[in-house]
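Structure file target06.csv (CSV, C-alpha atoms and all ligand atoms) is printed below.
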chain,number,residue,atom,x,y,z
A,13,MET,CA,23.8,-57.8,-4.0
A,14,ARG,CA,22.2,-60.3,-1.7
A,15,LEU,CA,20.5,-58.9,1.4
A,16,PRO,CA,21.0,-60.7,4.7
A,17,GLN,CA,18.1,-63.0,5.4
A,18,ALA,CA,16.5,-62.9,8.9
A,19,PRO,CA,13.8,-65.5,9.6
A,20,LEU,CA,10.5,-63.8,10.2
A,21,VAL,CA,8.2,-65.2,12.9
A,22,ARG,CA,4.4,-65.0,12.4
A,23,GLY,CA,4.1,-62.5,15.2
A,24,GLU,CA,6.2,-60.0,13.2
A,25,LEU,CA,4.0,-60.5,10.1
A,26,TYR,CA,0.6,-60.3,11.8
A,27,GLY,CA,1.2,-58.2,14.9
A,28,ASP,CA,0.6,-59.6,18.3
A,29,GLY,CA,0.1,-63.4,18.1
A,30,GLU,CA,-1.6,-65.1,15.2
A,31,PRO,CA,-4.4,-63.9,13.0
A,32,ALA,CA,-7.8,-64.7,14.7
A,33,LEU,CA,-9.5,-67.9,13.7
A,34,ASP,CA,-12.2,-65.9,12.1
A,35,ASP,CA,-9.8,-63.5,10.4
A,36,PRO,CA,-11.9,-61.9,7.6
A,37,ALA,CA,-9.2,-62.0,5.0
A,38,GLU,CA,-8.6,-65.7,5.5
A,39,LEU,CA,-12.4,-66.4,5.6
A,40,PHE,CA,-12.9,-64.5,2.4
A,41,HIS,CA,-10.0,-66.2,0.6
A,42,GLU,CA,-11.3,-69.6,1.7
A,43,ALA,CA,-14.9,-68.8,0.7
A,44,SER,CA,-13.8,-67.5,-2.8
A,45,LYS,CA,-11.8,-70.6,-3.7
A,46,LEU,CA,-12.9,-72.7,-6.6
A,47,HIS,CA,-13.1,-76.4,-5.8
A,48,PRO,CA,-14.1,-79.4,-7.9
A,49,ALA,CA,-16.5,-80.6,-5.1
A,50,LEU,CA,-18.4,-77.3,-5.3
A,51,ALA,CA,-18.3,-76.9,-9.0
A,52,HIS,CA,-22.1,-77.3,-9.4
A,53,ARG,CA,-22.8,-74.5,-6.9
A,54,GLN,CA,-20.0,-72.3,-8.1
A,55,SER,CA,-21.1,-72.5,-11.8
A,56,ALA,CA,-24.7,-71.4,-11.0
A,57,GLY,CA,-24.0,-67.9,-12.2
A,58,LEU,CA,-22.8,-69.2,-15.6
A,59,THR,CA,-25.9,-71.3,-16.0
A,60,ARG,CA,-28.1,-68.3,-15.0
A,61,LEU,CA,-26.3,-66.2,-17.7
A,62,ALA,CA,-26.7,-68.9,-20.3
A,63,VAL,CA,-30.5,-69.0,-20.0
A,64,ASN,CA,-31.3,-65.3,-19.3
A,65,GLU,CA,-31.4,-63.0,-22.3
A,66,HIS,CA,-31.9,-59.9,-20.1
A,67,LEU,CA,-28.7,-60.7,-18.2
A,68,GLN,CA,-26.8,-61.4,-21.4
A,69,THR,CA,-27.9,-58.0,-22.9
A,70,ALA,CA,-27.2,-56.1,-19.6
A,71,SER,CA,-23.8,-57.7,-19.0
A,72,ALA,CA,-22.6,-57.1,-22.6
A,73,HIS,CA,-23.2,-53.4,-22.1
A,74,ALA,CA,-21.6,-52.3,-18.9
A,75,VAL,CA,-22.1,-48.5,-18.9
A,76,ARG,CA,-24.0,-46.2,-16.6
A,77,ARG,CA,-25.2,-43.3,-18.6
A,78,ASN,CA,-27.1,-40.4,-17.1
A,79,PRO,CA,-28.5,-38.6,-20.2
A,80,GLN,CA,-29.8,-35.7,-18.1
A,81,ARG,CA,-26.2,-34.8,-17.1
A,82,ARG,CA,-24.0,-32.6,-19.2
A,83,CYS,CA,-21.3,-34.4,-21.2
A,84,HIS,CA,-17.9,-32.9,-22.2
A,85,PRO,CA,-16.6,-34.7,-25.3
A,86,LEU,CA,-12.9,-35.4,-25.0
A,87,PRO,CA,-10.4,-34.8,-27.8
A,88,ALA,CA,-8.7,-37.8,-29.5
A,89,PRO,CA,-6.1,-39.3,-27.1
A,90,ARG,CA,-2.6,-38.0,-27.6
A,91,ARG,CA,-0.3,-40.9,-28.4
A,92,PRO,CA,3.4,-40.1,-28.5
A,93,ALA,CA,5.7,-42.8,-29.7
A,94,CYS,CA,7.1,-44.8,-26.9
A,95,SER,CA,8.2,-48.4,-26.9
A,96,LEU,CA,6.6,-50.8,-24.4
A,97,TRP,CA,10.0,-51.6,-23.0
A,98,SER,CA,10.8,-48.0,-22.4
A,99,ALA,CA,7.5,-47.5,-20.6
A,100,LEU,CA,8.2,-50.6,-18.5
A,101,ASP,CA,11.7,-49.5,-17.6
A,102,HIS,CA,10.7,-46.0,-16.7
A,103,ARG,CA,7.5,-46.5,-14.7
A,104,ARG,CA,7.9,-45.2,-11.2
A,105,SER,CA,5.4,-44.0,-8.6
A,106,ARG,CA,6.0,-40.3,-8.7
A,107,ARG,CA,4.9,-37.7,-6.3
A,108,ASP,CA,6.6,-34.7,-8.0
A,109,PHE,CA,3.6,-33.0,-9.4
A,110,GLY,CA,4.3,-29.5,-10.7
A,111,GLY,CA,0.9,-27.8,-10.5
A,112,GLU,CA,0.6,-27.2,-14.3
A,113,ALA,CA,-2.8,-27.9,-15.9
A,114,LEU,CA,-3.0,-31.1,-17.9
A,115,GLU,CA,-4.2,-30.9,-21.6
A,116,ALA,CA,-7.4,-32.7,-22.2
A,117,ALA,CA,-5.8,-34.8,-24.9
A,118,ARG,CA,-3.3,-36.2,-22.4
A,119,LEU,CA,-6.1,-37.0,-19.9
A,120,ALA,CA,-8.0,-38.6,-22.8
A,121,ALA,CA,-5.0,-40.8,-23.5
A,122,LEU,CA,-4.8,-41.9,-19.9
A,123,LEU,CA,-8.5,-42.7,-19.7
A,124,ASP,CA,-8.4,-44.5,-23.1
A,125,ALA,CA,-5.4,-46.6,-22.0
A,126,GLY,CA,-7.2,-47.5,-18.8
A,127,TYR,CA,-10.7,-48.3,-19.9
A,128,GLY,CA,-11.2,-47.0,-23.5
A,129,LEU,CA,-13.1,-49.2,-25.9
A,130,ARG,CA,-11.3,-51.6,-28.3
A,131,ASP,CA,-12.8,-54.0,-30.8
A,132,GLY,CA,-16.5,-53.3,-29.9
A,133,ASN,CA,-17.0,-53.5,-26.2
A,134,ARG,CA,-13.5,-54.8,-25.3
A,135,ARG,CA,-10.8,-52.8,-23.6
A,136,ALA,CA,-7.1,-52.6,-23.5
A,137,VAL,CA,-7.4,-54.4,-20.1
A,138,PRO,CA,-8.6,-58.0,-19.7
A,139,SER,CA,-11.8,-58.6,-17.6
A,140,GLY,CA,-13.2,-61.9,-16.2
A,141,GLY,CA,-16.1,-62.8,-18.6
A,142,ALA,CA,-15.6,-59.4,-20.4
A,143,LEU,CA,-17.9,-58.0,-17.7
A,144,TYR,CA,-16.0,-54.8,-17.1
A,145,PRO,CA,-17.0,-54.0,-13.5
A,146,PHE,CA,-15.7,-50.4,-13.3
A,147,GLU,CA,-17.2,-47.0,-13.8
A,148,LEU,CA,-14.0,-44.9,-14.1
A,149,HIS,CA,-14.3,-41.5,-12.5
A,150,VAL,CA,-12.1,-38.5,-12.7
A,151,ALA,CA,-11.7,-36.0,-9.9
A,152,ALA,CA,-10.4,-33.1,-12.0
A,153,ARG,CA,-8.7,-30.1,-10.5
A,154,ALA,CA,-6.6,-28.7,-13.3
A,155,ILE,CA,-7.6,-30.0,-16.8
A,156,ALA,CA,-7.4,-27.5,-19.6
A,157,GLY,CA,-11.0,-26.7,-20.8
A,158,ILE,CA,-12.7,-28.9,-18.2
A,159,PRO,CA,-14.1,-27.2,-15.1
A,160,PRO,CA,-13.0,-28.7,-11.8
A,161,GLY,CA,-15.3,-31.4,-10.6
A,162,ILE,CA,-16.1,-35.1,-10.4
A,163,TYR,CA,-16.8,-36.8,-13.7
A,164,ARG,CA,-17.6,-40.2,-15.0
A,165,TYR,CA,-15.7,-41.4,-18.0
A,166,ASP,CA,-18.1,-42.7,-20.6
A,167,GLN,CA,-15.9,-44.9,-22.7
A,168,GLU,CA,-18.6,-45.4,-25.4
A,169,LEU,CA,-18.9,-41.6,-26.0
A,170,HIS,CA,-15.3,-40.9,-25.1
A,171,ALA,CA,-16.6,-38.1,-22.9
A,172,LEU,CA,-16.7,-36.9,-19.4
A,173,GLU,CA,-20.2,-36.9,-17.8
A,174,GLU,CA,-20.6,-34.4,-15.0
A,175,HIS,CA,-21.2,-35.8,-11.6
A,176,GLU,CA,-20.6,-32.8,-9.5
A,177,LEU,CA,-18.9,-29.5,-10.3
A,178,GLY,CA,-16.6,-27.7,-7.9
A,179,ASP,CA,-13.0,-28.2,-6.7
A,180,PRO,CA,-12.8,-31.8,-5.5
A,181,TRP,CA,-9.4,-31.3,-3.8
A,182,PRO,CA,-10.5,-30.3,-0.3
A,183,ALA,CA,-12.6,-33.5,0.0
A,184,LEU,CA,-10.0,-35.7,-1.6
A,185,GLU,CA,-7.2,-34.3,0.6
A,186,ALA,CA,-9.3,-34.9,3.7
A,187,ALA,CA,-9.8,-38.5,2.4
A,188,CYS,CA,-6.0,-39.2,2.2
A,189,PRO,CA,-4.3,-40.0,5.5
A,190,LEU,CA,-0.9,-38.9,4.1
A,191,PRO,CA,-0.8,-35.1,3.9
A,192,GLY,CA,0.5,-33.4,0.7
A,193,LEU,CA,0.1,-36.4,-1.5
A,194,LEU,CA,-2.1,-34.6,-4.0
A,195,ASP,CA,-0.1,-31.3,-4.1
A,196,GLY,CA,0.4,-30.1,-7.6
A,197,ALA,CA,-1.5,-33.0,-9.3
A,198,ALA,CA,-4.0,-32.3,-12.0
A,199,ALA,CA,-6.5,-35.2,-11.4
A,200,VAL,CA,-7.2,-38.4,-9.6
A,201,LEU,CA,-8.7,-41.3,-11.6
A,202,LEU,CA,-11.0,-43.3,-9.3
A,203,LEU,CA,-12.0,-46.9,-10.0
A,204,LEU,CA,-15.6,-47.4,-8.9
A,205,ALA,CA,-16.3,-51.1,-8.8
A,206,VAL,CA,-19.9,-52.1,-9.4
A,207,PHE,CA,-19.5,-55.5,-7.7
A,208,GLY,CA,-22.8,-57.0,-9.0
A,209,ARG,CA,-21.5,-56.8,-12.6
A,210,THR,CA,-19.1,-59.6,-11.9
A,211,ARG,CA,-20.6,-61.3,-8.7
A,212,PHE,CA,-23.8,-62.3,-10.5
A,213,LYS,CA,-21.7,-64.7,-12.5
A,214,TYR,CA,-18.7,-65.5,-10.4
A,215,GLY,CA,-20.0,-65.1,-6.9
A,216,LEU,CA,-17.4,-64.3,-4.2
A,217,ARG,CA,-14.7,-64.9,-6.7
A,218,GLY,CA,-16.1,-62.0,-8.7
A,219,TYR,CA,-14.9,-59.7,-5.8
A,220,ARG,CA,-11.4,-61.1,-6.3
A,221,PHE,CA,-11.7,-60.4,-10.0
A,222,ALA,CA,-12.7,-56.8,-9.4
A,223,LEU,CA,-9.6,-56.2,-7.3
A,224,LEU,CA,-7.3,-57.9,-9.8
A,225,GLU,CA,-8.8,-56.0,-12.7
A,226,ALA,CA,-8.3,-52.7,-10.9
A,227,GLY,CA,-4.6,-53.4,-11.0
A,228,HIS,CA,-4.7,-53.9,-14.7
A,229,VAL,CA,-6.4,-50.6,-15.2
A,230,VAL,CA,-4.0,-48.6,-13.0
A,231,GLN,CA,-1.0,-50.3,-14.6
A,232,ASN,CA,-2.1,-49.3,-18.0
A,233,VAL,CA,-2.6,-45.7,-16.9
A,234,ALA,CA,0.8,-45.7,-15.2
A,235,LEU,CA,2.5,-47.0,-18.4
A,236,ALA,CA,0.6,-44.5,-20.6
A,237,ALA,CA,1.7,-41.7,-18.2
A,238,VAL,CA,5.3,-42.6,-18.9
A,239,ALA,CA,4.7,-42.4,-22.6
A,240,LEU,CA,3.0,-39.0,-22.1
A,241,ASP,CA,5.8,-37.7,-19.9
A,242,LEU,CA,3.4,-37.4,-16.9
A,243,ALA,CA,3.8,-38.3,-13.3
A,244,ALA,CA,1.4,-41.0,-11.9
A,245,LEU,CA,1.0,-42.4,-8.4
A,246,PRO,CA,-1.2,-45.4,-7.6
A,247,LEU,CA,-3.5,-44.6,-4.7
A,248,GLY,CA,-4.7,-47.3,-2.4
A,249,GLY,CA,-4.6,-45.6,1.0
A,250,PHE,CA,-7.7,-43.5,1.4
A,251,TYR,CA,-10.7,-43.3,3.7
A,252,ASP,CA,-13.2,-45.4,1.8
A,253,ALA,CA,-16.4,-43.8,2.9
A,254,GLN,CA,-15.2,-40.3,2.1
A,255,VAL,CA,-14.1,-41.3,-1.5
A,256,ASP,CA,-17.3,-43.3,-2.1
A,257,ASP,CA,-19.2,-40.2,-1.1
A,258,LEU,CA,-17.5,-38.2,-3.7
A,259,VAL,CA,-18.7,-40.4,-6.5
A,260,GLY,CA,-22.1,-41.1,-5.0
A,261,ALA,CA,-21.4,-44.8,-4.1
A,262,ASP,CA,-23.0,-46.6,-1.2
A,263,GLY,CA,-19.8,-48.4,-0.4
A,264,VAL,CA,-21.5,-51.8,-0.3
A,265,GLU,CA,-22.8,-52.7,-3.7
A,266,GLU,CA,-20.4,-50.2,-5.3
A,267,SER,CA,-17.2,-48.8,-3.9
A,268,VAL,CA,-14.0,-47.1,-5.1
A,269,VAL,CA,-11.3,-49.8,-4.8
A,270,TYR,CA,-8.3,-48.0,-6.3
A,271,GLY,CA,-7.1,-44.7,-7.7
A,272,VAL,CA,-4.3,-43.1,-9.5
A,273,VAL,CA,-3.1,-39.6,-9.1
A,274,VAL,CA,-1.9,-37.9,-12.3
A,275,GLY,CA,-0.3,-34.7,-13.3
A,276,VAL,CA,2.5,-32.8,-15.1
A,277,ALA,CA,5.8,-33.5,-13.4
A,278,ALA,CA,7.6,-30.6,-11.7
A,301,LIG,C1,-2.0,-51.3,-4.4
A,301,LIG,C2,-1.1,-50.1,-4.2
A,301,LIG,C3,-1.5,-49.1,-3.5
A,301,LIG,C4,-0.7,-48.0,-3.3
A,301,LIG,N1,-1.1,-46.9,-2.6
A,301,LIG,C5,-0.3,-45.8,-2.4
A,301,LIG,C6,-0.7,-44.7,-1.6
A,301,LIG,O1,-1.8,-44.7,-1.2
A,301,LIG,N2,0.1,-43.7,-1.5
A,301,LIG,C7,1.4,-43.7,-2.0
A,301,LIG,O2,2.1,-42.7,-1.8
A,301,LIG,N3,1.8,-44.7,-2.8
A,301,LIG,C8,1.0,-45.8,-3.0
A,301,LIG,N4,1.4,-46.8,-3.8
A,301,LIG,C9,2.7,-46.8,-4.5
A,301,LIG,C10,3.8,-47.6,-3.8
A,301,LIG,O3,4.3,-47.0,-2.7
A,301,LIG,C11,5.0,-47.9,-4.8
A,301,LIG,O4,4.4,-48.7,-5.9
A,301,LIG,C12,6.1,-48.6,-4.2
A,301,LIG,O5,6.8,-47.8,-3.3
A,301,LIG,C13,7.1,-49.1,-5.3
A,301,LIG,O6,7.6,-47.9,-6.0
A,301,LIG,P1,7.5,-47.8,-7.6
A,301,LIG,O7,6.0,-47.9,-7.9
A,301,LIG,O8,8.1,-46.5,-7.9
A,301,LIG,O9,8.2,-49.0,-8.2
A,301,LIG,C14,0.6,-47.9,-4.0
A,301,LIG,C15,1.0,-49.0,-4.8
A,301,LIG,C16,0.1,-50.1,-4.9
A,301,LIG,C17,0.5,-51.2,-5.8
Please go through the file and, once you have read it, give me the structure as structure tokens.
Amino acid sequence: MRLPQAPLVRGELYGDGEPALDDPAELFHEASKLHPALAHRQSAGLTRLAVNEHLQTASAHAVRRNPQRRCHPLPAPRRPACSLWSALDHRRSRRDFGGEALEAARLAALLDAGYGLRDGNRRAVPSGGALYPFELHVAARAIAGIPPGIYRYDQELHALEEHELGDPWPALEAACPLPGLLDGAAAVLLLLAVFGRTRFKYGLRGYRFALLEAGHVVQNVALAAVALDLAALPLGGFYDAQVDDLVGADGVEESVVYGVVVGVAA
């Protein structure tokens, strides 16, 4: 069925009038463009990496481990048979969470699909320069065998490192402008971007990469959720400072850029 086409005028797209001449989105997009005339300046990070062994070592091992914090080993990911095509066909943003606790093996499968290790330091998702800018966090409310709290997923240990114990729901609900969104869900996966991990090499374009890569991670989680018969909802609408606060991020050098709510469907 073809929908009737009405021409949109710019005012309808951008609100009153045109975007300002110093519109931050346009400025950022312009500033993060690659251009042959600027190739020398734009490749400075690549050169720095080529000659700096410390940078090479640090960037090949993107993990933030806090050995003094308690770690909860996760069980092997549960991997029910499901064809890629079936997962693609059935993925939907679902909000029908039933309140049931999620088994740790199913949470483990979601985390592993999103950011688990493959082939050494590689992941199931691509990453510009294999720099992996995220620290994947879990706000857990109802995971069997795991106390409610905020955790960091350590992909090398396949374990959850405690960040803060306690029910994260009141703070998360307050951070979501739409009421009721988290009702009945078991956990929210939060993608904390450590911008420096990609900016040191790619400059402003590294910020683009972080946002693009967040989409890869959430899509993998969403597809894995279909295979696991779970509901998943991408979460982009939240009060940034409040969510950053939950994971201890300053919101400048590091910030939560995306999330995905997961749980057993009603
Ligand atoms: C970047 C992004 C952010 C989103 N943020 C939210 C959100 O904050 N709350 C929500 O209810 N849905 C959110 N969604 C889900 C969209 O509403 C959903 O993808 C859209 O309605 C299409 O439906 P489908 O995913 O079932 O195909 C988000 C989706 C994307 C891609």
Around the point (-11.4, -44.3, -13.3) (coordinates from the file), which residues reach within 10 Å if we count only C-alpha atoms? Answer as a ChimeraX atom specification.
/A:122-123,126-127,146-151,163-165,200-205,226,229-230,233,268,270-272
Contacts of A:Leu114 at 7 Å or less, counting only C-alpha atoms, minus same-chain residues fewer than 3 places along, as a list in words?
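Close residues of A:Leu114: Arg118, Leu119, Ala154, Ile155, Ala156, Ala198, Gly275 and Val276 of chain A.
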To check your reading of the model: which residues sit at most 8 Å from ligand LIG 301 (chain A) when counting all atoms listed in the file? Write the answer as a list of chain:residue names.
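Checked against 8 Å with all atoms listed in the file; the hits are A:Arg103, A:Arg104, A:Ser105, A:Arg106, A:Arg107, A:Cys188, A:Leu190, A:Leu193, A:Gly227, A:Leu245, A:Pro246, A:Leu247, A:Gly248, A:Gly249, A:Phe250, A:Tyr270.
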Can you tell me, as a PDB file with C-alpha atoms, in the coordinates of the input, what residues are no more than 9 Å from stretch 131-141 of chain A when counting all atoms listed in the file, ignoring any on the same chain fewer than 4 positions away?
ATOM      1  CA  ALA A  72     -22.600 -57.100 -22.600  1.00  0.00           C
ATOM      2  CA  HIS A  73     -23.200 -53.400 -22.100  1.00  0.00           C
ATOM      3  CA  ALA A  74     -21.600 -52.300 -18.900  1.00  0.00           C
ATOM      4  CA  ASP A 124      -8.400 -44.500 -23.100  1.00  0.00           C
ATOM      5  CA  ALA A 125      -5.400 -46.600 -22.000  1.00  0.00           C
ATOM      6  CA  GLY A 126      -7.200 -47.500 -18.800  1.00  0.00           C
ATOM      7  CA  TYR A 127     -10.700 -48.300 -19.900  1.00  0.00           C
ATOM      8  CA  PRO A 145     -17.000 -54.000 -13.500  1.00  0.00           C
ATOM      9  CA  GLU A 168     -18.600 -45.400 -25.400  1.00  0.00           C
ATOM     10  CA  THR A 210     -19.100 -59.600 -11.900  1.00  0.00           C
ATOM     11  CA  LYS A 213     -21.700 -64.700 -12.500  1.00  0.00           C
ATOM     12  CA  TYR A 214     -18.700 -65.500 -10.400  1.00  0.00           C
ATOM     13  CA  GLY A 218     -16.100 -62.000  -8.700  1.00  0.00           C
ATOM     14  CA  PHE A 221     -11.700 -60.400 -10.000  1.00  0.00           C
ATOM     15  CA  ALA A 222     -12.700 -56.800  -9.400  1.00  0.00           C
ATOM     16  CA  GLU A 225      -8.800 -56.000 -12.700  1.00  0.00           C
ATOM     17  CA  HIS A 228      -4.700 -53.900 -14.700  1.00  0.00           C
ATOM     18  CA  VAL A 229      -6.400 -50.600 -15.200  1.00  0.00           C
ATOM     19  CA  ASN A 232      -2.100 -49.300 -18.000  1.00  0.00           C
TER      20      ASN A 232
END
Give me, please, the distance in Å between atom CA of A:Gly111 and atom CA of A:Ala277, quoted to one decimal.
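Rounded to one decimal, the two atoms are 8.1 Å apart.
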Atom-to-atom span, atom CA of A:Cys83 and atom CA of A:Glu173, Å:
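Result for atom CA of A:Cys83 versus atom CA of A:Glu173: 4.4 Å, one decimal.
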Straight-line distance linking atom CA of A:Arg90 with atom CA of A:Ala121, stated in Å to one decimal:
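That distance, rounded to one decimal, is 5.5 Å.
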Excluding A:Arg211 and residues on its chain fewer than 3 positions from it, collect all residues at most 12 Å away from it, counting all atoms listed in the file, and give them as a PyMOL selection string.
chain A and resi 44+54-58+61+71+140-141+143-145+205-208+214-222+265-266
How would the residues just chosen look if you wrote them out with C-alpha atoms as a compact mmCIF listing (two decimals), keeping the file's coordinate frame?
# COMPACT_ATOMS: atom_id res chain seq x y z
CA SER A 44 -13.80 -67.50 -2.80
CA GLN A 54 -20.00 -72.30 -8.10
CA SER A 55 -21.10 -72.50 -11.80
CA ALA A 56 -24.70 -71.40 -11.00
CA GLY A 57 -24.00 -67.90 -12.20
CA LEU A 58 -22.80 -69.20 -15.60
CA LEU A 61 -26.30 -66.20 -17.70
CA SER A 71 -23.80 -57.70 -19.00
CA GLY A 140 -13.20 -61.90 -16.20
CA GLY A 141 -16.10 -62.80 -18.60
CA LEU A 143 -17.90 -58.00 -17.70
CA TYR A 144 -16.00 -54.80 -17.10
CA PRO A 145 -17.00 -54.00 -13.50
CA ALA A 205 -16.30 -51.10 -8.80
CA VAL A 206 -19.90 -52.10 -9.40
CA PHE A 207 -19.50 -55.50 -7.70
CA GLY A 208 -22.80 -57.00 -9.00
CA TYR A 214 -18.70 -65.50 -10.40
CA GLY A 215 -20.00 -65.10 -6.90
CA LEU A 216 -17.40 -64.30 -4.20
CA ARG A 217 -14.70 -64.90 -6.70
CA GLY A 218 -16.10 -62.00 -8.70
CA TYR A 219 -14.90 -59.70 -5.80
CA ARG A 220 -11.40 -61.10 -6.30
CA PHE A 221 -11.70 -60.40 -10.00
CA ALA A 222 -12.70 -56.80 -9.40
CA GLU A 265 -22.80 -52.70 -3.70
CA GLU A 266 -20.40 -50.20 -5.30
In terms of the shortest atom-to-atom distance over all atoms listed in the file, which of A:Gln231, A:Ala49, A:Ala186, A:Pro159 is closest to A:Leu100?
A:Gln231
Taking into account only C-alpha atoms, which residue in the set A:Ala117, A:Ala32, A:Val238, A:Leu194 is nearest to A:Trp97?
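Answer, going by the shortest atom-to-atom distance: A:Val238.
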Excluding A:Pro87 and residues on its chain fewer than 5 positions from it, collect all residues at most 9 Å away from it, counting all atoms listed in the file, and give them as a PyMOL selection string.
chain A and resi 116-117+120+170-171
A:Arg76, A:Gly27, A:Ala239, A:Pro180: which is nearest A:Arg209, counting only C-alpha atoms?
A:Arg76
Add whatever atoms are absent from stretch 203-216 of chain A to reach N, CA and C atoms, and provide the output as an mmCIF file, in the frame of the given file.
data_model
loop_
_atom_site.group_PDB
_atom_site.id
_atom_site.type_symbol
_atom_site.label_atom_id
_atom_site.label_comp_id
_atom_site.auth_asym_id
_atom_site.auth_seq_id
_atom_site.Cartn_x
_atom_site.Cartn_y
_atom_site.Cartn_z
ATOM 1 N N LEU A 203 -11.419 -45.682 -9.472
ATOM 2 C CA LEU A 203 -12.000 -46.900 -10.000
ATOM 3 C C LEU A 203 -13.210 -47.316 -9.157
ATOM 4 N N LEU A 204 -14.393 -46.968 -9.597
ATOM 5 C CA LEU A 204 -15.600 -47.400 -8.900
ATOM 6 C C LEU A 204 -16.000 -48.767 -9.345
ATOM 7 N N ALA A 205 -15.917 -49.741 -8.439
ATOM 8 C CA ALA A 205 -16.300 -51.100 -8.800
ATOM 9 C C ALA A 205 -17.787 -51.312 -8.535
ATOM 10 N N VAL A 206 -18.499 -51.767 -9.556
ATOM 11 C CA VAL A 206 -19.900 -52.100 -9.400
ATOM 12 C C VAL A 206 -19.888 -53.665 -9.259
ATOM 13 N N PHE A 207 -19.844 -54.119 -7.994
ATOM 14 C CA PHE A 207 -19.500 -55.500 -7.700
ATOM 15 C C PHE A 207 -20.521 -56.495 -8.397
ATOM 16 N N GLY A 208 -21.788 -56.094 -8.457
ATOM 17 C CA GLY A 208 -22.800 -57.000 -9.000
ATOM 18 C C GLY A 208 -22.519 -57.382 -10.453
ATOM 19 N N ARG A 209 -21.799 -56.543 -11.175
ATOM 20 C CA ARG A 209 -21.500 -56.800 -12.600
ATOM 21 C C ARG A 209 -20.685 -58.101 -12.759
ATOM 22 N N THR A 210 -19.919 -58.433 -11.753
ATOM 23 C CA THR A 210 -19.100 -59.600 -11.900
ATOM 24 C C THR A 210 -19.594 -60.713 -10.851
ATOM 25 N N ARG A 211 -20.192 -60.280 -9.744
ATOM 26 C CA ARG A 211 -20.600 -61.300 -8.700
ATOM 27 C C ARG A 211 -21.812 -62.083 -9.210
ATOM 28 N N PHE A 212 -22.669 -61.505 -10.073
ATOM 29 C CA PHE A 212 -23.800 -62.300 -10.500
ATOM 30 C C PHE A 212 -23.392 -63.559 -11.203
ATOM 31 N N LYS A 213 -22.199 -63.521 -11.814
ATOM 32 C CA LYS A 213 -21.700 -64.700 -12.500
ATOM 33 C C LYS A 213 -20.693 -65.491 -11.705
ATOM 34 N N TYR A 214 -19.807 -64.805 -11.035
ATOM 35 C CA TYR A 214 -18.700 -65.500 -10.400
ATOM 36 C C TYR A 214 -18.799 -65.573 -8.873
ATOM 37 N N GLY A 215 -19.879 -65.057 -8.307
ATOM 38 C CA GLY A 215 -20.000 -65.100 -6.900
ATOM 39 C C GLY A 215 -18.914 -64.417 -6.134
ATOM 40 N N LEU A 216 -18.473 -64.998 -5.002
ATOM 41 C CA LEU A 216 -17.400 -64.300 -4.200
ATOM 42 C C LEU A 216 -16.142 -64.150 -4.998
#
